[in-house]
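J.: This is the content of coords_0.csv (CSV, C-alpha atoms and all ligand atoms):
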chain,number,residue,atom,x,y,z
A,103,MET,CA,130.5,92.9,21.2
A,104,TYR,CA,133.9,92.9,19.7
A,105,GLN,CA,132.5,92.4,16.2
A,106,GLU,CA,133.2,96.0,15.3
A,107,PHE,CA,136.8,95.5,16.0
A,108,ILE,CA,136.9,92.2,14.0
A,109,SER,CA,135.3,93.9,11.0
A,110,PHE,CA,137.7,96.9,11.2
A,111,VAL,CA,140.7,94.5,11.1
A,112,LYS,CA,139.3,92.6,8.1
A,113,GLU,CA,138.7,95.9,6.3
A,114,THR,CA,142.1,97.2,7.1
A,115,PHE,CA,143.9,94.1,6.0
A,116,ARG,CA,141.5,93.8,3.0
A,117,THR,CA,140.8,90.1,3.5
A,118,GLU,CA,138.2,87.7,4.8
A,119,GLU,CA,140.9,85.1,5.4
A,120,PHE,CA,142.7,84.4,8.6
A,121,ILE,CA,144.7,87.4,9.8
A,122,PRO,CA,147.9,86.5,11.6
A,123,LEU,CA,149.5,88.5,14.4
A,124,HIS,CA,152.6,89.3,12.4
A,125,ALA,CA,153.7,88.0,9.0
A,126,PRO,CA,156.9,88.9,7.2
A,127,VAL,CA,156.7,90.9,3.9
A,128,PHE,CA,158.9,90.2,0.9
A,129,GLY,CA,158.6,92.8,-1.8
A,130,GLY,CA,162.2,93.5,-2.7
A,131,ASN,CA,165.5,91.8,-3.6
A,132,GLU,CA,165.0,88.7,-1.4
A,133,LYS,CA,164.9,86.2,-4.3
A,134,LYS,CA,167.6,88.0,-6.2
A,135,TYR,CA,170.1,87.9,-3.3
A,136,LEU,CA,169.1,84.3,-2.3
A,137,ASN,CA,169.8,83.2,-5.9
A,138,GLU,CA,173.1,85.0,-5.9
A,139,CYS,CA,174.0,83.4,-2.6
A,140,ILE,CA,173.1,79.9,-3.9
A,141,ASP,CA,175.0,80.5,-7.2
A,142,SER,CA,178.1,81.5,-5.2
A,143,THR,CA,177.9,78.2,-3.2
A,144,PHE,CA,178.7,80.2,-0.1
A,145,VAL,CA,175.4,79.5,1.8
A,146,SER,CA,176.9,78.7,5.1
A,147,SER,CA,179.2,80.3,7.8
A,148,VAL,CA,181.2,82.6,5.6
A,149,GLY,CA,180.3,85.0,2.7
A,150,LYS,CA,179.9,88.6,1.7
A,151,PHE,CA,176.3,88.9,2.8
A,152,VAL,CA,177.2,88.4,6.5
A,153,ASP,CA,179.7,91.3,6.3
A,154,GLN,CA,177.3,93.4,4.4
A,155,PHE,CA,174.4,92.8,6.7
A,156,GLU,CA,176.5,93.6,9.8
A,157,GLU,CA,177.6,96.9,8.2
A,158,GLU,CA,174.0,97.8,7.3
A,159,VAL,CA,172.7,97.1,10.7
A,160,ALA,CA,175.5,99.2,12.2
A,161,ASN,CA,174.7,102.0,9.7
A,162,PHE,CA,171.0,101.9,10.4
A,163,THR,CA,171.3,101.9,14.2
A,164,GLY,CA,174.3,104.2,14.4
A,165,ALA,CA,176.3,101.7,16.4
A,166,LYS,CA,180.0,101.5,15.6
A,167,TYR,CA,180.1,97.7,15.4
A,168,ALA,CA,177.6,94.9,14.7
A,169,ILE,CA,178.2,91.2,15.0
A,170,ALA,CA,175.7,88.8,13.4
A,171,THR,CA,174.5,85.7,15.3
A,172,SER,CA,172.3,82.7,14.7
A,173,ASN,CA,169.4,84.2,16.6
A,174,GLY,CA,168.5,86.9,19.1
A,175,THR,CA,168.9,84.6,22.1
A,176,ALA,CA,172.5,83.7,21.1
A,177,ALA,CA,173.1,87.5,20.8
A,178,LEU,CA,171.9,88.0,24.4
A,179,HIS,CA,173.9,85.1,25.7
A,180,ILE,CA,177.1,86.5,24.2
A,181,ALA,CA,176.3,90.1,25.2
A,182,LEU,CA,176.0,88.9,28.9
A,183,LEU,CA,179.3,87.1,28.7
A,184,MET,CA,180.9,90.2,27.2
A,185,SER,CA,179.5,92.2,30.2
A,186,GLY,CA,181.5,89.9,32.5
A,187,VAL,CA,178.6,87.9,33.8
A,188,ASN,CA,179.7,84.5,35.3
A,189,ARG,CA,178.0,81.6,37.0
A,190,ASN,CA,176.2,82.7,40.2
A,191,ASP,CA,176.4,86.4,39.4
A,192,GLU,CA,173.1,88.2,39.3
A,193,VAL,CA,171.4,90.1,36.4
A,194,ILE,CA,168.5,92.5,36.8
A,195,THR,CA,165.6,92.4,34.3
A,196,GLN,CA,161.9,93.0,34.0
A,197,PRO,CA,159.3,90.3,34.6
A,198,LEU,CA,157.4,91.4,31.6
A,199,THR,CA,159.5,90.0,28.7
A,200,PHE,CA,159.8,87.1,26.4
A,201,ILE,CA,161.5,84.0,27.9
A,202,ALA,CA,164.7,84.5,25.8
A,203,THR,CA,165.8,87.4,27.9
A,204,VAL,CA,166.0,85.2,31.0
A,205,ASN,CA,167.1,82.0,29.2
A,206,ALA,CA,170.3,83.8,28.2
A,207,MET,CA,171.1,84.4,31.9
A,208,SER,CA,170.3,80.8,32.8
A,209,TYR,CA,172.7,79.4,30.1
A,210,ILE,CA,175.5,81.1,32.0
A,211,GLY,CA,174.2,80.0,35.4
A,212,ALA,CA,173.5,83.6,36.4
A,213,LYS,CA,170.4,84.5,38.5
A,214,PRO,CA,167.7,86.9,37.5
A,215,ILE,CA,166.3,89.7,39.8
A,216,PHE,CA,163.0,91.0,38.6
A,217,ILE,CA,162.2,94.8,38.8
A,218,ASP,CA,158.9,96.2,37.8
A,219,VAL,CA,158.1,98.1,34.5
A,220,ASP,CA,156.7,101.6,34.1
A,221,LYS,CA,153.0,102.1,33.4
A,222,ASP,CA,153.7,104.4,30.4
A,223,THR,CA,156.5,102.4,28.6
A,224,LEU,CA,156.0,98.8,29.7
A,225,GLY,CA,159.8,98.8,30.1
A,226,LEU,CA,162.0,98.5,33.2
A,227,SER,CA,161.3,101.4,35.6
A,228,PRO,CA,164.3,103.7,36.5
A,229,GLU,CA,162.5,104.7,39.8
A,230,LYS,CA,161.9,101.2,40.9
A,231,LEU,CA,165.4,100.2,39.9
A,232,GLU,CA,166.9,103.1,41.9
A,233,HIS,CA,164.7,102.1,44.9
A,234,PHE,CA,165.8,98.5,44.8
A,235,LEU,CA,169.5,99.3,44.5
A,236,THR,CA,169.4,101.8,47.3
A,237,GLN,CA,167.5,99.4,49.7
A,238,ASN,CA,169.2,96.1,48.8
A,239,THR,CA,172.8,96.6,47.7
A,240,LYS,CA,176.1,98.1,48.8
A,241,MET,CA,179.2,98.9,46.8
A,242,VAL,CA,182.3,96.8,47.8
A,243,ASN,CA,185.6,97.4,45.9
A,244,GLY,CA,183.7,99.0,43.0
A,245,GLU,CA,181.2,96.1,42.7
A,246,CYS,CA,177.5,96.1,43.4
A,247,ILE,CA,176.8,93.4,46.1
A,248,ASN,CA,173.3,92.2,46.9
A,249,ASN,CA,172.8,92.4,50.7
A,250,THR,CA,170.4,89.4,50.7
A,251,SER,CA,172.3,86.9,48.5
A,252,LYS,CA,175.8,88.4,48.9
A,253,ARG,CA,176.2,87.9,45.1
A,254,LYS,CA,177.5,90.4,42.6
A,255,ILE,CA,175.0,92.2,40.5
A,256,LYS,CA,176.9,92.4,37.2
A,257,ALA,CA,174.5,93.5,34.5
A,258,ILE,CA,170.9,94.6,33.7
A,259,VAL,CA,168.8,93.7,30.7
A,260,PRO,CA,166.0,96.2,30.1
A,261,MET,CA,163.7,95.3,27.1
A,262,HIS,CA,161.9,97.7,24.8
A,263,THR,CA,158.5,96.0,24.9
A,264,PHE,CA,156.7,95.7,21.5
A,265,GLY,CA,159.1,98.4,20.2
A,266,LEU,CA,158.1,101.0,22.7
A,267,PRO,CA,161.3,102.6,23.9
A,268,LEU,CA,161.8,102.6,27.7
A,269,LYS,CA,163.6,105.4,29.7
A,270,ILE,CA,167.0,103.9,28.8
A,271,ASP,CA,169.1,107.1,29.4
A,272,GLU,CA,168.0,107.1,33.1
A,273,ILE,CA,168.7,103.4,33.4
A,274,VAL,CA,172.2,103.9,32.0
A,275,SER,CA,173.0,106.8,34.4
A,276,ILE,CA,171.8,104.9,37.5
A,277,CYS,CA,173.8,101.8,36.5
A,278,ASN,CA,176.9,103.8,35.8
A,279,ARG,CA,176.9,104.7,39.5
A,280,TYR,CA,176.5,101.1,40.6
A,281,ASN,CA,179.0,99.7,38.0
A,282,ILE,CA,176.2,97.5,36.5
A,283,LYS,CA,176.7,96.9,32.8
A,284,VAL,CA,173.7,97.6,30.6
A,285,VAL,CA,172.7,95.1,27.8
A,286,GLU,CA,169.6,96.3,25.9
A,287,ASP,CA,167.3,93.7,24.7
A,288,ALA,CA,166.3,95.5,21.5
A,289,ALA,CA,165.0,92.3,19.8
A,290,GLU,CA,161.6,94.0,19.2
A,291,SER,CA,162.7,97.6,18.6
A,292,LEU,CA,164.6,97.8,15.3
A,293,GLY,CA,163.5,101.2,14.0
A,294,SER,CA,162.6,102.6,17.5
A,295,TYR,CA,164.3,105.7,18.9
A,296,TYR,CA,164.6,107.3,22.3
A,297,LYS,CA,165.5,111.0,22.2
A,298,GLU,CA,166.5,110.6,18.6
A,299,GLN,CA,169.0,107.8,19.3
A,300,HIS,CA,168.4,104.3,18.2
A,301,THR,CA,167.4,101.8,20.9
A,302,GLY,CA,170.1,99.2,21.6
A,303,THR,CA,172.9,101.8,21.3
A,304,PHE,CA,172.6,103.3,24.8
A,305,GLY,CA,174.0,100.4,26.8
A,306,LEU,CA,177.4,98.7,26.7
A,307,LEU,CA,175.8,96.3,24.3
A,308,GLY,CA,172.5,95.9,22.5
A,309,THR,CA,170.9,92.9,20.8
A,310,PHE,CA,168.4,92.4,18.0
A,311,SER,CA,166.4,89.5,16.6
A,312,PHE,CA,165.6,88.7,13.0
A,313,ASN,CA,163.2,85.8,13.8
A,314,GLY,CA,160.3,85.4,11.4
A,315,ASN,CA,157.9,87.4,13.5
A,316,LYS,CA,160.1,90.4,14.0
A,317,THR,CA,160.0,93.7,12.0
A,318,ILE,CA,162.4,92.3,9.4
A,319,THR,CA,163.6,88.8,9.2
A,320,THR,CA,166.5,86.6,8.1
A,321,GLY,CA,164.4,83.4,8.8
A,322,GLY,CA,166.3,83.1,12.1
A,323,GLY,CA,169.0,85.5,13.1
A,324,GLY,CA,170.3,88.0,15.6
A,325,MET,CA,172.8,90.9,16.0
A,326,ILE,CA,174.9,92.3,18.8
A,327,VAL,CA,175.8,96.0,18.6
A,328,THR,CA,178.4,98.0,20.6
A,329,ASN,CA,180.6,101.0,20.3
A,330,ASP,CA,183.5,99.3,22.1
A,331,ALA,CA,186.1,98.0,19.6
A,332,ASN,CA,187.6,95.5,22.0
A,333,ILE,CA,184.2,94.0,22.9
A,334,ALA,CA,183.2,93.8,19.2
A,335,GLN,CA,186.4,91.9,18.4
A,336,LYS,CA,185.9,89.5,21.3
A,337,ALA,CA,182.2,89.0,20.4
A,338,LYS,CA,183.0,88.1,16.8
A,339,HIS,CA,185.8,85.7,18.0
A,340,ILE,CA,183.6,83.9,20.5
A,341,THR,CA,180.6,83.5,18.2
A,342,THR,CA,182.8,82.0,15.5
A,343,THR,CA,184.3,79.1,17.4
A,344,ALA,CA,187.2,81.2,18.8
A,345,LYS,CA,189.4,80.2,15.8
A,346,ILE,CA,192.7,82.0,15.5
A,347,PRO,CA,192.9,83.3,11.9
A,348,HIS,CA,195.4,81.3,9.9
A,349,LYS,CA,195.6,80.2,6.3
A,350,TRP,CA,195.1,76.5,7.1
A,351,ASP,CA,195.7,75.7,10.8
A,352,TYR,CA,192.8,74.9,13.2
A,353,GLU,CA,193.6,76.5,16.4
A,354,HIS,CA,191.2,77.8,19.0
A,355,ASP,CA,192.2,79.8,22.0
A,356,MET,CA,189.1,79.4,24.2
A,357,VAL,CA,185.8,77.6,24.3
A,358,GLY,CA,183.8,79.4,21.5
A,359,TYR,CA,180.3,79.0,20.2
A,360,ASN,CA,179.0,78.2,16.7
A,361,TYR,CA,176.6,81.2,16.8
A,362,ARG,CA,177.4,82.4,13.2
A,363,LEU,CA,174.6,83.7,11.0
A,364,PRO,CA,174.7,81.6,7.8
A,365,ASN,CA,175.3,83.6,4.6
A,366,ILE,CA,172.0,82.5,3.1
A,367,ASN,CA,170.1,84.0,6.1
A,368,ALA,CA,172.2,87.2,5.8
A,369,ALA,CA,171.3,87.4,2.1
A,370,LEU,CA,167.6,87.6,3.1
A,371,GLY,CA,168.5,90.2,5.8
A,372,CYS,CA,170.3,92.4,3.2
A,373,ALA,CA,167.1,92.5,1.1
A,374,GLN,CA,164.9,93.0,4.1
A,375,ILE,CA,166.8,95.9,5.5
A,376,GLU,CA,166.5,97.8,2.2
A,377,LYS,CA,162.7,97.6,2.8
A,378,LEU,CA,162.9,98.7,6.5
A,379,PRO,CA,162.1,102.4,6.0
A,380,GLU,CA,159.0,101.5,4.0
A,381,ILE,CA,157.9,98.8,6.5
A,382,LEU,CA,158.3,101.3,9.4
A,383,GLU,CA,156.2,103.8,7.5
A,384,GLN,CA,153.5,101.2,6.9
A,385,LYS,CA,153.5,100.1,10.5
A,386,ARG,CA,153.1,103.8,11.6
A,387,THR,CA,150.1,104.1,9.2
A,388,LEU,CA,148.5,101.0,10.7
A,389,SER,CA,149.1,102.3,14.2
A,390,ASN,CA,147.4,105.6,13.3
A,391,GLN,CA,144.4,103.7,11.9
A,392,TYR,CA,144.2,101.7,15.2
A,393,GLN,CA,144.5,104.8,17.3
A,394,ALA,CA,141.6,106.4,15.4
A,395,PHE,CA,139.5,103.3,15.8
A,396,PHE,CA,140.0,102.9,19.5
A,397,LYS,CA,139.4,106.5,20.3
A,398,GLY,CA,136.0,106.7,22.0
A,399,THR,CA,135.9,102.9,22.8
A,400,LYS,CA,136.6,101.5,26.2
A,401,LEU,CA,139.7,99.7,24.9
A,402,GLN,CA,142.9,101.7,25.4
A,403,TYR,CA,145.5,101.6,22.6
A,404,ILE,CA,149.1,101.7,23.9
A,405,ASN,CA,150.8,104.6,22.2
A,406,GLU,CA,154.4,105.8,22.0
A,407,ASN,CA,155.5,108.2,24.7
A,408,LYS,CA,157.1,111.7,24.5
A,409,ASP,CA,160.8,111.7,23.5
A,410,SER,CA,160.3,108.4,21.7
A,411,ILE,CA,159.5,106.9,18.4
A,412,SER,CA,158.1,103.4,18.4
A,413,ASN,CA,158.5,101.0,15.4
A,414,TYR,CA,155.0,99.7,16.4
A,415,TRP,CA,156.3,96.2,15.9
A,416,LEU,CA,153.2,94.7,17.7
A,417,ASN,CA,150.2,96.9,18.4
A,418,ALA,CA,148.8,96.4,21.9
A,419,ILE,CA,145.7,97.3,23.7
A,420,VAL,CA,144.6,97.3,27.4
A,421,LEU,CA,141.3,95.6,28.3
A,422,GLU,CA,139.3,96.5,31.4
A,423,ASN,CA,140.0,93.4,33.3
A,424,LEU,CA,140.9,89.7,33.0
A,425,GLU,CA,137.4,88.6,32.1
A,426,GLU,CA,137.2,91.2,29.3
A,427,ARG,CA,140.6,90.2,28.1
A,428,ASN,CA,139.6,86.5,27.9
A,429,ALA,CA,136.3,87.3,26.1
A,430,PHE,CA,138.2,89.5,23.6
A,431,LEU,CA,140.8,86.7,22.9
A,432,LYS,CA,138.0,84.1,22.4
A,433,GLU,CA,135.9,86.2,20.1
A,434,THR,CA,138.7,87.5,17.9
A,435,ASN,CA,140.5,84.1,17.6
A,436,GLU,CA,137.3,82.3,16.8
A,437,ASN,CA,136.6,84.8,14.0
A,438,GLY,CA,139.9,84.5,12.1
A,439,VAL,CA,141.6,87.5,13.7
A,440,MET,CA,144.7,86.4,15.6
A,441,THR,CA,145.3,88.1,18.9
A,442,ARG,CA,147.5,87.0,21.8
A,443,PRO,CA,147.8,87.9,25.5
A,444,ILE,CA,151.0,89.4,26.8
A,445,TRP,CA,153.6,86.9,28.3
A,446,LYS,CA,153.1,85.3,31.6
A,447,LEU,CA,155.4,87.1,34.0
A,448,MET,CA,158.9,85.5,34.2
A,449,ASN,CA,158.8,85.3,38.0
A,450,THR,CA,155.7,83.1,37.9
A,451,LEU,CA,157.4,80.4,35.7
A,452,THR,CA,158.6,77.3,37.6
A,453,MET,CA,162.3,77.9,36.8
A,454,HIS,CA,162.2,81.4,38.4
A,455,MET,CA,159.6,81.2,41.1
A,456,ASN,CA,162.2,81.7,43.8
A,457,ALA,CA,164.0,84.6,42.1
A,458,GLN,CA,164.4,87.8,44.1
A,459,LYS,CA,162.0,90.5,43.0
A,460,GLY,CA,160.8,94.0,43.8
A,461,ASN,CA,157.2,95.2,43.9
A,462,LEU,CA,155.7,94.1,40.5
A,463,GLU,CA,152.3,95.8,40.6
A,464,ASN,CA,152.5,97.4,37.1
A,465,ALA,CA,153.7,94.2,35.4
A,466,GLU,CA,150.9,92.2,37.3
A,467,TRP,CA,148.4,94.8,36.2
A,468,PHE,CA,149.5,94.5,32.5
A,469,GLU,CA,149.7,90.7,32.6
A,470,LYS,CA,145.9,90.5,33.1
A,471,ARG,CA,144.9,93.1,30.5
A,472,VAL,CA,147.3,93.5,27.6
A,473,VAL,CA,146.5,91.9,24.2
A,474,ASN,CA,148.4,92.1,20.9
A,475,ILE,CA,146.4,92.6,17.7
A,476,PRO,CA,147.4,92.0,14.1
A,477,SER,CA,150.4,94.1,13.2
A,478,SER,CA,151.9,93.0,9.9
A,479,ALA,CA,153.0,95.8,7.5
A,480,ILE,CA,150.6,96.1,4.6
A,481,LEU,CA,152.8,96.8,1.6
H,501,LIG,C1,162.3,87.7,19.8
H,501,LIG,C2,162.9,88.1,21.1
H,501,LIG,C3,164.2,87.6,21.4
H,501,LIG,C4,165.1,86.8,20.6
H,501,LIG,O1,164.5,85.8,20.0
H,501,LIG,P1,165.2,84.7,18.9
H,501,LIG,O2,164.0,84.0,18.5
H,501,LIG,O3,166.2,83.9,19.7
H,501,LIG,O4,165.8,85.5,17.8
H,501,LIG,C5,164.7,88.1,22.7
H,501,LIG,N1,164.0,88.9,23.5
H,501,LIG,C6,162.8,89.3,23.1
H,501,LIG,C7,162.1,90.3,24.0
H,501,LIG,C8,162.2,88.9,21.9
H,501,LIG,O5,161.0,89.4,21.6
Please, can you express the file's structure as structure tokens?
T.:
Amino acid sequence: MYQEFISFVKETFRTEEFIPLHAPVFGGNEKKYLNECIDSTFVSSVGKFVDQFEEEVANFTGAKYAIATSNGTAALHIALLMSGVNRNDEVITQPLTFIATVNAMSYIGAKPIFIDVDKDTLGLSPEKLEHFLTQNTKMVNGECINNTSKRKIKAIVPMHTFGLPLKIDEIVSICNRYNIKVVEDAAESLGSYYKEQHTGTFGLLGTFSFNGNKTITTGGGGMIVTNDANIAQKAKHITTTAKIPHKWDYEHDMVGYNYRLPNINAALGCAQIEKLPEILEQKRTLSNQYQAFFKGTKLQYINENKDSISNYWLNAIVLENLEERNAFLKETNENGVMTRPIWKLMNTLTMHMNAQKGNLENAEWFEKRVVNIPSSAIL
């Protein structure tokens, strides 16, 4: 019964071969810059492509500063440290996200609190956040204290699911009142805007991923963005082994990380970001084709909301129920069209089963029904 969908995808991607969920596209200066990088011998932790890629991501997103990292998880880890999160502090996030969001907290020894997502954005809900904070916390000496655990809630990590912007301005204004630092996990939302401002630039810090399955790729890589000069300088320092600049001496003034993005990965990124506007245009075209196809079927396509522009990184649909979802996954994957269910909720994983949480009815509803469908840009 899903054969019509399978045929439509094969026609759209103009192939009878296996169709992946998301493949990178290389149609520009990738080989040129990689050759340049190899010829220079600067393939590793320093080189001009790193600086150039940082500058280009800052320009594209409108952030004042960008700091390249080895991957998006490392970017999140450092962004949380820069927000003042320590062992045994608490960090709010949504249960509907990729594991990296929560792993970054666990690396520090911080504890997640799970708050539900909105039905329209699939991102952290401002109403549910406000409700939780009103019912469960009090302010003591300017810090937000959790009544149940007595721990400090230091930060929040809302995530722009599949590139669909969430109501980030409302989240920021609530968190300002509670002195909770906002780290936006914008790993999936390069090229997505909320009220004409790029996602990842509303909070104190934002993070991106350039993994192979993201909108553009460096092979593996990440980026931290911020408008705070002091934080930017500290983030650069701590991601580059905390070395004090000197012509020959090795001196380090704190425990740093080797989270640098190699120059060879940055070279790939410099070529990819040149193609970003074209890739985004192609992804929007594909999204329009899907929207037209799903109109009048019982499958619901998840569209961008008012006030927002999605990059349509991964197209997503809502099936009627769990049985239909499973039938759809089986039939598509057996017929060479790769589809995947949305993540299992973070609060159901063994590491986080005892975490504090609010009412998660929307996330639980989506968990049973949402499937991602092939979303590569067709250049
Ligand atoms: C991809 C992704 C990350 C970061 O992933 P890396 O593979 O470490 O670059 C973080 N959060 C979300 C929601 C992601 O989708």
J.: With only C-alpha atoms and all ligand atoms counted, collect every polymer residue having an atom within 8 Å of ligand LIG 501 (chain H); state the result as a list in words.
T.: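 So the residues close to ligand LIG 501 (chain H) are Ser172, Asn173, Gly174, Thr175, Ala176, Ala177, Leu178, Thr199, Phe200, Ile201, Ala202, Thr203, Met261, His262, Thr263, Phe264, Asp287, Ala288, Ala289, Glu290, Phe310, Ser311, Phe312, Asn313, Asn315, Lys316, Gly322, Gly323 and Gly324 of chain A.
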J.: Keeping C-alpha atoms for every residue in the selection just given, could you write it to a file as a PDB file, in the coordinates of the input?
T.:
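Ended up saving to out01.pdb:
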ATOM      1  CA  SER A 172     172.300  82.700  14.700  1.00  0.00           C
ATOM      2  CA  ASN A 173     169.400  84.200  16.600  1.00  0.00           C
ATOM      3  CA  GLY A 174     168.500  86.900  19.100  1.00  0.00           C
ATOM      4  CA  THR A 175     168.900  84.600  22.100  1.00  0.00           C
ATOM      5  CA  ALA A 176     172.500  83.700  21.100  1.00  0.00           C
ATOM      6  CA  ALA A 177     173.100  87.500  20.800  1.00  0.00           C
ATOM      7  CA  LEU A 178     171.900  88.000  24.400  1.00  0.00           C
ATOM      8  CA  THR A 199     159.500  90.000  28.700  1.00  0.00           C
ATOM      9  CA  PHE A 200     159.800  87.100  26.400  1.00  0.00           C
ATOM     10  CA  ILE A 201     161.500  84.000  27.900  1.00  0.00           C
ATOM     11  CA  ALA A 202     164.700  84.500  25.800  1.00  0.00           C
ATOM     12  CA  THR A 203     165.800  87.400  27.900  1.00  0.00           C
ATOM     13  CA  MET A 261     163.700  95.300  27.100  1.00  0.00           C
ATOM     14  CA  HIS A 262     161.900  97.700  24.800  1.00  0.00           C
ATOM     15  CA  THR A 263     158.500  96.000  24.900  1.00  0.00           C
ATOM     16  CA  PHE A 264     156.700  95.700  21.500  1.00  0.00           C
ATOM     17  CA  ASP A 287     167.300  93.700  24.700  1.00  0.00           C
ATOM     18  CA  ALA A 288     166.300  95.500  21.500  1.00  0.00           C
ATOM     19  CA  ALA A 289     165.000  92.300  19.800  1.00  0.00           C
ATOM     20  CA  GLU A 290     161.600  94.000  19.200  1.00  0.00           C
ATOM     21  CA  PHE A 310     168.400  92.400  18.000  1.00  0.00           C
ATOM     22  CA  SER A 311     166.400  89.500  16.600  1.00  0.00           C
ATOM     23  CA  PHE A 312     165.600  88.700  13.000  1.00  0.00           C
ATOM     24  CA  ASN A 313     163.200  85.800  13.800  1.00  0.00           C
ATOM     25  CA  ASN A 315     157.900  87.400  13.500  1.00  0.00           C
ATOM     26  CA  LYS A 316     160.100  90.400  14.000  1.00  0.00           C
ATOM     27  CA  GLY A 322     166.300  83.100  12.100  1.00  0.00           C
ATOM     28  CA  GLY A 323     169.000  85.500  13.100  1.00  0.00           C
ATOM     29  CA  GLY A 324     170.300  88.000  15.600  1.00  0.00           C
TER      30      GLY A 324
END
J.: Quick check, in Å to one decimal: how far apart do CA of Phe430 in chain A and CA of Tyr104 in chain A lie?
T.: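 Interatomic distance, CA of Phe430 in chain A to CA of Tyr104 in chain A: 6.7 Å.
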J.: Quote the spacing between CA of Asn188 in chain A and CA of Ile346 in chain A in Å to one decimal place.
T.: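 Atom-to-atom, CA of Asn188 in chain A and CA of Ile346 in chain A are spaced 23.8 Å apart.
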J.: Please build the interface table for range 284-314 of chain A against range 376-386 of chain A with a cut-off of 10 Å, listing for each qualifying residue the nearest atom pair and the distance in Å to one decimal; count all atoms listed in the file, order rows by chain and increasing number, and write it as a tab-separated table.
T.:
residue	atom	partner	partner_atom	distance
A:Leu292	CA	A:Leu378	CA	9.0
A:Gly293	CA	A:Leu382	CA	6.9
A:Ser294	CA	A:Leu382	CA	9.3
J.: Go through range 319-401 of chain A residue by residue and, counting only C-alpha atoms, keep those with an atom at most 8 Å from range 127-150 of chain A; for each kept residue give the shortest atom pair and its distance in Å to one decimal, ordered by chain and increasing number, as a tab-separated table.
T.:
residue	atom	partner	partner_atom	distance
A:Arg362	CA	A:Ser147	CA	6.1
A:Leu363	CA	A:Ser147	CA	6.6
A:Pro364	CA	A:Ser146	CA	4.5
A:Asn365	CA	A:Val145	CA	5.0
A:Ile366	CA	A:Val145	CA	4.7
A:Ala369	CA	A:Tyr135	CA	5.6
A:Leu370	CA	A:Glu132	CA	5.3
A:Cys372	CA	A:Tyr135	CA	7.9
A:Ala373	CA	A:Glu132	CA	5.0
A:Gln374	CA	A:Glu132	CA	7.0
A:Glu376	CA	A:Gly130	CA	7.8
A:Lys377	CA	A:Gly130	CA	6.9
J.: Just want the 7 Å neighbourhood of Gly460 in chain A, counted on only C-alpha atoms, with same-chain residues fewer than 2 positions away dropped. Output as a PyMOL selection string.
T.: chain A and resi 216-218+234+462
J.: Please indicate the distance in Å from CA of Asn423 in chain A to CA of Thr387 in chain A, rounded to one decimal place.
T.: 28.2 Å
